[in-house]
Each structure stands twice: as structure tokens, then as C-alpha cells.
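For reference, structure31.txt is printed below; it contains compact mmCIF, N, CA and C atoms.
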# COMPACT_ATOMS: atom_id res chain seq x y z
N MET D 1 -5.83 223.48 -11.25
CA MET D 1 -5.84 223.64 -12.65
C MET D 1 -6.48 222.41 -13.29
N THR D 2 -7.36 222.68 -14.21
CA THR D 2 -8.07 221.56 -14.85
C THR D 2 -7.40 221.22 -16.18
N LYS D 3 -7.42 219.96 -16.43
CA LYS D 3 -6.83 219.52 -17.69
C LYS D 3 -7.83 219.71 -18.82
N LYS D 4 -7.30 220.13 -19.97
CA LYS D 4 -8.16 220.27 -21.15
C LYS D 4 -8.28 218.91 -21.82
N ARG D 5 -9.44 218.60 -22.15
CA ARG D 5 -9.66 217.35 -22.86
C ARG D 5 -9.26 217.49 -24.31
N PRO D 6 -8.71 216.45 -24.88
CA PRO D 6 -8.38 216.54 -26.30
C PRO D 6 -9.67 216.52 -27.14
N LYS D 7 -9.60 217.22 -28.26
CA LYS D 7 -10.77 217.27 -29.14
C LYS D 7 -10.95 215.93 -29.82
N ILE D 8 -12.14 215.47 -29.82
CA ILE D 8 -12.48 214.20 -30.48
C ILE D 8 -13.08 214.54 -31.84
N PHE D 9 -12.60 213.78 -32.85
CA PHE D 9 -13.08 214.02 -34.22
C PHE D 9 -14.55 213.63 -34.35
N LYS D 10 -15.34 214.56 -34.82
CA LYS D 10 -16.74 214.28 -35.09
C LYS D 10 -16.96 214.49 -36.58
N PRO D 11 -17.38 213.42 -37.30
CA PRO D 11 -17.61 213.60 -38.74
C PRO D 11 -18.78 214.54 -38.98
N PRO D 12 -18.71 215.30 -40.09
CA PRO D 12 -19.84 216.22 -40.36
C PRO D 12 -21.10 215.43 -40.71
N LYS D 13 -22.19 216.05 -40.44
CA LYS D 13 -23.47 215.42 -40.75
C LYS D 13 -23.62 215.35 -42.27
N PRO D 14 -24.09 214.22 -42.78
CA PRO D 14 -24.25 214.12 -44.25
C PRO D 14 -25.32 215.09 -44.72
N LYS D 15 -25.03 215.69 -45.88
CA LYS D 15 -25.99 216.63 -46.45
C LYS D 15 -27.04 215.84 -47.22
N VAL D 16 -28.24 216.12 -46.93
CA VAL D 16 -29.35 215.45 -47.60
C VAL D 16 -29.99 216.47 -48.54
N ILE D 17 -30.09 216.07 -49.80
CA ILE D 17 -30.74 216.95 -50.77
C ILE D 17 -32.24 216.78 -50.62
N LYS D 18 -32.86 217.84 -50.29
CA LYS D 18 -34.30 217.77 -50.08
C LYS D 18 -35.00 218.33 -51.32
N ALA D 19 -35.86 217.52 -51.87
CA ALA D 19 -36.65 217.96 -53.01
C ALA D 19 -38.04 218.30 -52.50
N ASN D 20 -38.48 219.46 -52.87
CA ASN D 20 -39.83 219.81 -52.44
C ASN D 20 -40.84 219.11 -53.35
N THR D 21 -42.08 219.21 -53.03
CA THR D 21 -43.11 218.46 -53.75
C THR D 21 -43.28 218.94 -55.18
N SER D 22 -43.05 220.19 -55.46
CA SER D 22 -43.22 220.66 -56.84
C SER D 22 -42.13 220.09 -57.75
N GLN D 23 -40.89 219.99 -57.26
CA GLN D 23 -39.83 219.39 -58.05
C GLN D 23 -40.13 217.91 -58.31
N PHE D 24 -40.56 217.21 -57.29
CA PHE D 24 -40.91 215.80 -57.44
C PHE D 24 -42.04 215.63 -58.44
N PHE D 25 -43.03 216.50 -58.39
CA PHE D 25 -44.16 216.43 -59.32
C PHE D 25 -43.69 216.59 -60.76
N TRP D 26 -42.83 217.58 -61.04
CA TRP D 26 -42.38 217.83 -62.41
C TRP D 26 -41.49 216.71 -62.93
N ILE D 27 -40.67 216.15 -62.07
CA ILE D 27 -39.84 215.01 -62.49
C ILE D 27 -40.72 213.82 -62.82
N LEU D 28 -41.69 213.54 -61.99
CA LEU D 28 -42.61 212.42 -62.22
C LEU D 28 -43.43 212.64 -63.49
N LEU D 29 -43.89 213.87 -63.71
CA LEU D 29 -44.67 214.18 -64.91
C LEU D 29 -43.83 214.03 -66.17
N THR D 30 -42.57 214.45 -66.14
CA THR D 30 -41.68 214.31 -67.29
C THR D 30 -41.44 212.85 -67.63
N VAL D 31 -41.17 212.04 -66.63
CA VAL D 31 -40.95 210.60 -66.86
C VAL D 31 -42.21 209.95 -67.41
N ALA D 32 -43.37 210.34 -66.90
CA ALA D 32 -44.62 209.77 -67.39
C ALA D 32 -44.89 210.16 -68.84
N LEU D 33 -44.63 211.41 -69.21
CA LEU D 33 -44.84 211.85 -70.59
C LEU D 33 -43.90 211.16 -71.57
N ILE D 34 -42.64 211.01 -71.19
CA ILE D 34 -41.69 210.31 -72.06
C ILE D 34 -42.11 208.86 -72.24
N SER D 35 -42.56 208.23 -71.19
CA SER D 35 -43.03 206.84 -71.28
C SER D 35 -44.27 206.74 -72.16
N LEU D 36 -45.18 207.68 -72.04
CA LEU D 36 -46.40 207.67 -72.85
C LEU D 36 -46.09 207.87 -74.33
N ILE D 37 -45.20 208.80 -74.63
CA ILE D 37 -44.83 209.04 -76.03
C ILE D 37 -44.15 207.81 -76.62
N GLY D 38 -43.27 207.19 -75.87
CA GLY D 38 -42.62 205.96 -76.34
C GLY D 38 -43.61 204.85 -76.56
N PHE D 39 -44.59 204.71 -75.68
CA PHE D 39 -45.61 203.68 -75.84
C PHE D 39 -46.45 203.92 -77.09
N VAL D 40 -46.86 205.17 -77.31
CA VAL D 40 -47.71 205.48 -78.46
C VAL D 40 -46.97 205.26 -79.77
N VAL D 41 -45.72 205.71 -79.84
CA VAL D 41 -44.97 205.61 -81.08
C VAL D 41 -44.64 204.16 -81.42
N PHE D 42 -44.28 203.37 -80.44
CA PHE D 42 -43.80 202.02 -80.70
C PHE D 42 -44.81 200.92 -80.40
N SER D 43 -46.05 201.25 -80.14
CA SER D 43 -47.04 200.22 -79.85
C SER D 43 -47.70 199.75 -81.15
N ASN D 44 -48.43 198.67 -81.06
CA ASN D 44 -49.13 198.11 -82.21
C ASN D 44 -50.42 198.85 -82.53
N ALA D 45 -50.81 199.79 -81.71
CA ALA D 45 -52.06 200.51 -81.93
C ALA D 45 -51.99 201.40 -83.17
N PHE D 46 -50.80 201.87 -83.52
CA PHE D 46 -50.65 202.78 -84.65
C PHE D 46 -49.83 202.15 -85.77
N THR D 47 -50.04 200.88 -86.02
CA THR D 47 -49.37 200.24 -87.16
C THR D 47 -50.33 200.18 -88.34
N ILE D 48 -49.78 200.20 -89.53
CA ILE D 48 -50.60 200.17 -90.75
C ILE D 48 -51.14 198.76 -90.93
N LYS D 49 -52.46 198.65 -90.96
CA LYS D 49 -53.11 197.36 -91.12
C LYS D 49 -53.91 197.29 -92.42
N GLN D 50 -54.31 198.45 -92.95
CA GLN D 50 -55.15 198.46 -94.14
C GLN D 50 -54.66 199.55 -95.09
N ILE D 51 -54.56 199.19 -96.37
CA ILE D 51 -54.16 200.14 -97.40
C ILE D 51 -55.26 200.18 -98.45
N LEU D 52 -55.88 201.33 -98.63
CA LEU D 52 -56.90 201.52 -99.64
C LEU D 52 -56.29 202.26 -100.81
N CYS D 53 -56.37 201.67 -102.01
CA CYS D 53 -55.73 202.26 -103.18
C CYS D 53 -56.74 202.36 -104.31
N HIS D 54 -56.84 203.55 -104.91
CA HIS D 54 -57.74 203.78 -106.04
C HIS D 54 -56.96 204.47 -107.15
N ASN D 55 -57.20 204.00 -108.36
CA ASN D 55 -56.56 204.58 -109.53
C ASN D 55 -57.65 205.12 -110.44
N ASP D 56 -57.91 206.41 -110.34
CA ASP D 56 -58.92 207.06 -111.16
C ASP D 56 -60.29 206.36 -111.02
N LEU D 57 -60.74 206.22 -109.78
CA LEU D 57 -62.02 205.62 -109.40
C LEU D 57 -62.10 204.12 -109.66
N ARG D 58 -60.98 203.49 -109.93
CA ARG D 58 -60.93 202.03 -110.06
C ARG D 58 -59.91 201.53 -109.05
N PRO D 59 -60.00 200.25 -108.70
CA PRO D 59 -58.98 199.70 -107.80
C PRO D 59 -57.61 199.72 -108.49
N CYS D 60 -56.56 199.77 -107.70
CA CYS D 60 -55.20 199.79 -108.25
C CYS D 60 -54.84 198.44 -108.86
N SER D 61 -53.84 198.47 -109.71
CA SER D 61 -53.37 197.23 -110.33
C SER D 61 -52.63 196.38 -109.31
N GLN D 62 -52.45 195.12 -109.66
CA GLN D 62 -51.78 194.19 -108.76
C GLN D 62 -50.32 194.60 -108.49
N SER D 63 -49.67 195.18 -109.49
CA SER D 63 -48.27 195.58 -109.29
C SER D 63 -48.15 196.71 -108.27
N ILE D 64 -49.07 197.64 -108.31
CA ILE D 64 -49.04 198.75 -107.34
C ILE D 64 -49.43 198.24 -105.96
N GLU D 65 -50.42 197.35 -105.89
CA GLU D 65 -50.81 196.76 -104.60
C GLU D 65 -49.63 196.02 -103.98
N ALA D 66 -48.89 195.30 -104.82
CA ALA D 66 -47.71 194.58 -104.31
C ALA D 66 -46.65 195.55 -103.83
N GLU D 67 -46.52 196.69 -104.49
CA GLU D 67 -45.54 197.68 -104.08
C GLU D 67 -45.91 198.34 -102.75
N LEU D 68 -47.19 198.43 -102.47
CA LEU D 68 -47.65 199.04 -101.22
C LEU D 68 -47.67 198.05 -100.05
N GLU D 69 -47.53 196.79 -100.35
CA GLU D 69 -47.64 195.75 -99.32
C GLU D 69 -46.55 195.85 -98.25
N TYR D 70 -45.40 196.41 -98.59
CA TYR D 70 -44.31 196.51 -97.62
C TYR D 70 -44.64 197.46 -96.47
N LEU D 71 -45.66 198.30 -96.64
CA LEU D 71 -46.01 199.27 -95.60
C LEU D 71 -46.74 198.64 -94.42
N LYS D 72 -47.36 197.49 -94.62
CA LYS D 72 -48.13 196.88 -93.54
C LYS D 72 -47.21 196.52 -92.38
N GLY D 73 -47.62 196.90 -91.20
CA GLY D 73 -46.83 196.64 -90.00
C GLY D 73 -45.96 197.82 -89.58
N LYS D 74 -45.82 198.83 -90.43
CA LYS D 74 -45.04 200.01 -90.07
C LYS D 74 -45.92 201.00 -89.31
N SER D 75 -45.30 201.93 -88.62
CA SER D 75 -46.02 202.89 -87.79
C SER D 75 -46.62 204.00 -88.65
N THR D 76 -47.88 204.34 -88.40
CA THR D 76 -48.50 205.46 -89.12
C THR D 76 -47.95 206.80 -88.65
N LEU D 77 -47.42 206.86 -87.44
CA LEU D 77 -46.87 208.12 -86.93
C LEU D 77 -45.49 208.42 -87.50
N LEU D 78 -44.73 207.38 -87.84
CA LEU D 78 -43.40 207.56 -88.39
C LEU D 78 -43.37 207.43 -89.91
N PHE D 79 -44.53 207.31 -90.53
CA PHE D 79 -44.67 207.08 -91.95
C PHE D 79 -44.37 208.37 -92.72
N ARG D 80 -43.56 208.25 -93.79
CA ARG D 80 -43.19 209.41 -94.61
C ARG D 80 -44.01 209.40 -95.90
N VAL D 81 -44.93 210.33 -96.04
CA VAL D 81 -45.81 210.41 -97.20
C VAL D 81 -45.03 210.78 -98.46
N ASP D 82 -44.11 211.72 -98.35
CA ASP D 82 -43.39 212.18 -99.54
C ASP D 82 -42.54 211.09 -100.16
N LYS D 83 -41.97 210.22 -99.35
CA LYS D 83 -41.17 209.11 -99.91
C LYS D 83 -42.05 208.15 -100.69
N LEU D 84 -43.24 207.85 -100.17
CA LEU D 84 -44.15 206.95 -100.89
C LEU D 84 -44.61 207.58 -102.20
N GLU D 85 -44.95 208.85 -102.16
CA GLU D 85 -45.39 209.53 -103.39
C GLU D 85 -44.30 209.49 -104.46
N ASN D 86 -43.08 209.81 -104.07
CA ASN D 86 -41.98 209.78 -105.04
C ASN D 86 -41.71 208.38 -105.57
N LYS D 87 -41.82 207.38 -104.70
CA LYS D 87 -41.58 206.00 -105.12
C LYS D 87 -42.62 205.54 -106.12
N LEU D 88 -43.89 205.88 -105.89
CA LEU D 88 -44.95 205.46 -106.81
C LEU D 88 -44.86 206.18 -108.15
N ILE D 89 -44.54 207.45 -108.13
CA ILE D 89 -44.41 208.20 -109.39
C ILE D 89 -43.23 207.67 -110.19
N ALA D 90 -42.14 207.33 -109.52
CA ALA D 90 -40.96 206.81 -110.21
C ALA D 90 -41.18 205.40 -110.73
N SER D 91 -42.07 204.63 -110.10
CA SER D 91 -42.25 203.24 -110.49
C SER D 91 -43.10 203.07 -111.75
N ASP D 92 -44.03 203.97 -111.98
CA ASP D 92 -44.92 203.82 -113.12
C ASP D 92 -45.01 205.16 -113.86
N PHE D 93 -44.72 205.12 -115.14
CA PHE D 93 -44.70 206.35 -115.94
C PHE D 93 -46.11 206.93 -116.14
N ALA D 94 -47.13 206.09 -116.07
CA ALA D 94 -48.50 206.54 -116.31
C ALA D 94 -49.10 207.28 -115.11
N ILE D 95 -48.45 207.21 -113.96
CA ILE D 95 -48.97 207.88 -112.77
C ILE D 95 -48.50 209.33 -112.79
N GLY D 96 -49.46 210.24 -112.75
CA GLY D 96 -49.12 211.66 -112.78
C GLY D 96 -49.12 212.29 -111.41
N ASN D 97 -50.08 211.93 -110.57
CA ASN D 97 -50.19 212.54 -109.26
C ASN D 97 -50.57 211.46 -108.26
N VAL D 98 -49.99 211.55 -107.07
CA VAL D 98 -50.28 210.61 -105.99
C VAL D 98 -50.73 211.41 -104.79
N ASP D 99 -51.88 211.05 -104.24
CA ASP D 99 -52.38 211.70 -103.04
C ASP D 99 -52.48 210.65 -101.94
N VAL D 100 -51.69 210.81 -100.88
CA VAL D 100 -51.65 209.84 -99.79
C VAL D 100 -52.20 210.51 -98.53
N LYS D 101 -53.16 209.85 -97.90
CA LYS D 101 -53.72 210.36 -96.65
C LYS D 101 -53.63 209.27 -95.59
N VAL D 102 -53.12 209.65 -94.44
CA VAL D 102 -53.01 208.72 -93.32
C VAL D 102 -54.22 208.95 -92.42
N THR D 103 -54.99 207.90 -92.20
CA THR D 103 -56.15 207.95 -91.33
C THR D 103 -55.82 207.15 -90.08
N LEU D 104 -55.70 207.85 -88.96
CA LEU D 104 -55.34 207.18 -87.72
C LEU D 104 -56.47 206.29 -87.26
N PRO D 105 -56.24 205.19 -86.69
CA PRO D 105 -54.95 204.70 -86.24
C PRO D 105 -54.24 203.78 -87.24
N SER D 106 -54.92 203.19 -88.23
CA SER D 106 -54.24 202.11 -88.95
C SER D 106 -54.54 202.03 -90.45
N THR D 107 -54.98 203.10 -91.09
CA THR D 107 -55.34 203.03 -92.50
C THR D 107 -54.60 204.09 -93.30
N ILE D 108 -54.20 203.72 -94.51
CA ILE D 108 -53.60 204.65 -95.46
C ILE D 108 -54.44 204.62 -96.73
N LYS D 109 -54.80 205.80 -97.22
CA LYS D 109 -55.55 205.91 -98.46
C LYS D 109 -54.64 206.50 -99.53
N VAL D 110 -54.53 205.77 -100.66
CA VAL D 110 -53.69 206.20 -101.76
C VAL D 110 -54.59 206.41 -102.97
N VAL D 111 -54.58 207.62 -103.52
CA VAL D 111 -55.37 207.94 -104.71
C VAL D 111 -54.39 208.32 -105.82
N LEU D 112 -54.45 207.57 -106.91
CA LEU D 112 -53.55 207.81 -108.04
C LEU D 112 -54.31 208.49 -109.16
N SER D 113 -53.69 209.46 -109.77
CA SER D 113 -54.27 210.15 -110.92
C SER D 113 -53.38 209.87 -112.12
N PRO D 114 -53.97 209.61 -113.28
CA PRO D 114 -53.14 209.32 -114.45
C PRO D 114 -52.46 210.58 -114.98
N ARG D 115 -51.35 210.35 -115.64
CA ARG D 115 -50.62 211.44 -116.28
C ARG D 115 -51.39 211.84 -117.54
N ILE D 116 -51.52 213.12 -117.77
CA ILE D 116 -52.22 213.61 -118.95
C ILE D 116 -51.20 213.84 -120.05
N PHE D 117 -51.39 213.11 -121.13
CA PHE D 117 -50.48 213.24 -122.26
C PHE D 117 -51.11 214.17 -123.29
N THR D 118 -50.35 215.10 -123.74
CA THR D 118 -50.83 215.98 -124.81
C THR D 118 -49.98 215.68 -126.05
N HIS D 119 -50.65 215.50 -127.13
CA HIS D 119 -49.97 215.20 -128.38
C HIS D 119 -49.96 216.46 -129.23
N LEU D 120 -48.80 216.86 -129.55
CA LEU D 120 -48.65 218.02 -130.41
C LEU D 120 -48.24 217.54 -131.80
N SER D 121 -48.94 217.98 -132.75
CA SER D 121 -48.53 217.61 -134.12
C SER D 121 -47.94 218.84 -134.77
N LEU D 122 -46.75 218.69 -135.16
CA LEU D 122 -46.05 219.78 -135.85
C LEU D 122 -46.02 219.48 -137.34
N SER D 123 -46.46 220.39 -138.09
CA SER D 123 -46.41 220.19 -139.54
C SER D 123 -45.36 221.12 -140.12
N TYR D 124 -44.57 220.56 -140.98
CA TYR D 124 -43.50 221.35 -141.61
C TYR D 124 -43.90 221.81 -142.96

Using C-alpha cells, write down the structure that the file contains.
Amino acid sequence: MTKKRPKIFKPPKPKVIKANTSQFFWILLTVALISLIGFVVFSNAFTIKQILCHNDLRPCSQSIEAELEYLKGKSTLLFRVDKLENKLIASDFAIGNVDVKVTLPSTIKVVLSPRIFTHLSLSY
């Protein structure tokens, strides 16, 4: 009669997650796109360096130029046109319309139109 050997504990083989090449490609592409978008948005390539301002075919006044000066150094991609338009209209009563155009990579064009006043004379 032969003796049975006791069972020896054998740990299971570790499971290795295998990624095929298409999964690796898509993960790498996603990381690259996120990095590229972050670089473009936060790089100095798209910062405002020049502000062109015209008020009815004349250069803008010094007060309006000073008001626009805070924009230099900000990103043209994250720039909010509607906030600037509302701020300029609220700052000067004579401004009727503001047209702001962002020209990539680093220029903003501001065209101001005067408010048209109509005088009505009422006679009693």
C-alpha cells in the first residue's frame, strides 16, 4: 500500500490584465488630447496683447482705453465678449452700441457707436 502525499498549497497564478493595442491607443490619444487642450488654453500663445479701439471712426478716449487695459494678459479663448460690452455701455452714457471682435491669437477689436439722442418738443 502506498502512502498518499499531503497536498501542498500552491498559490494561484496572478491575473494579469492584458490590454490590447487598440485600448492602449485610445488611452494614449485621450491623454494627448487633454494635454494639448490644456496647453492651448493656458499658454501664452493666446493671451491678449493688443487692443484696437475705435469710437465712430476716431480713436477711443483715454478713459475707455484705461478701462480696456485690464484685458491685456488674459486668454482670448476664455474671454467673455458680452461682459465687456455690458461693462462699456454701463460706464459711459454716450455709448449706444459696442461691437467686440476677437482676432486670434492675440488681438481684440472694439468698435463703439454713439447713442442717438432724439429730442422731442412737446407744445402745449

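Interatomic distance, atom CA of D:Pro105 to atom C of D:Ile51: 13.0 Å.
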
### Message
Show me, as a VMD selection string, the residues that have an atom within 8 Å of D:Leu78 when counting all atoms listed in the file, minus same-chain residues fewer than 4 positions from it.
### Response
chain D and resid 41 46 74

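Note that the spacing between atom CA of D:Gly96 and atom C of D:Leu84 amounts to 12.2 Å.
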
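Distances to D:Thr103 were evaluated for D:Ile27, D:Asn55, D:Thr76, D:Ile116 using all atoms listed in the file, and the minimum falls at D:Thr76.
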
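The coordinates place atom CA of D:Asn44 at 29.4 Å from atom CA of D:Ile89.
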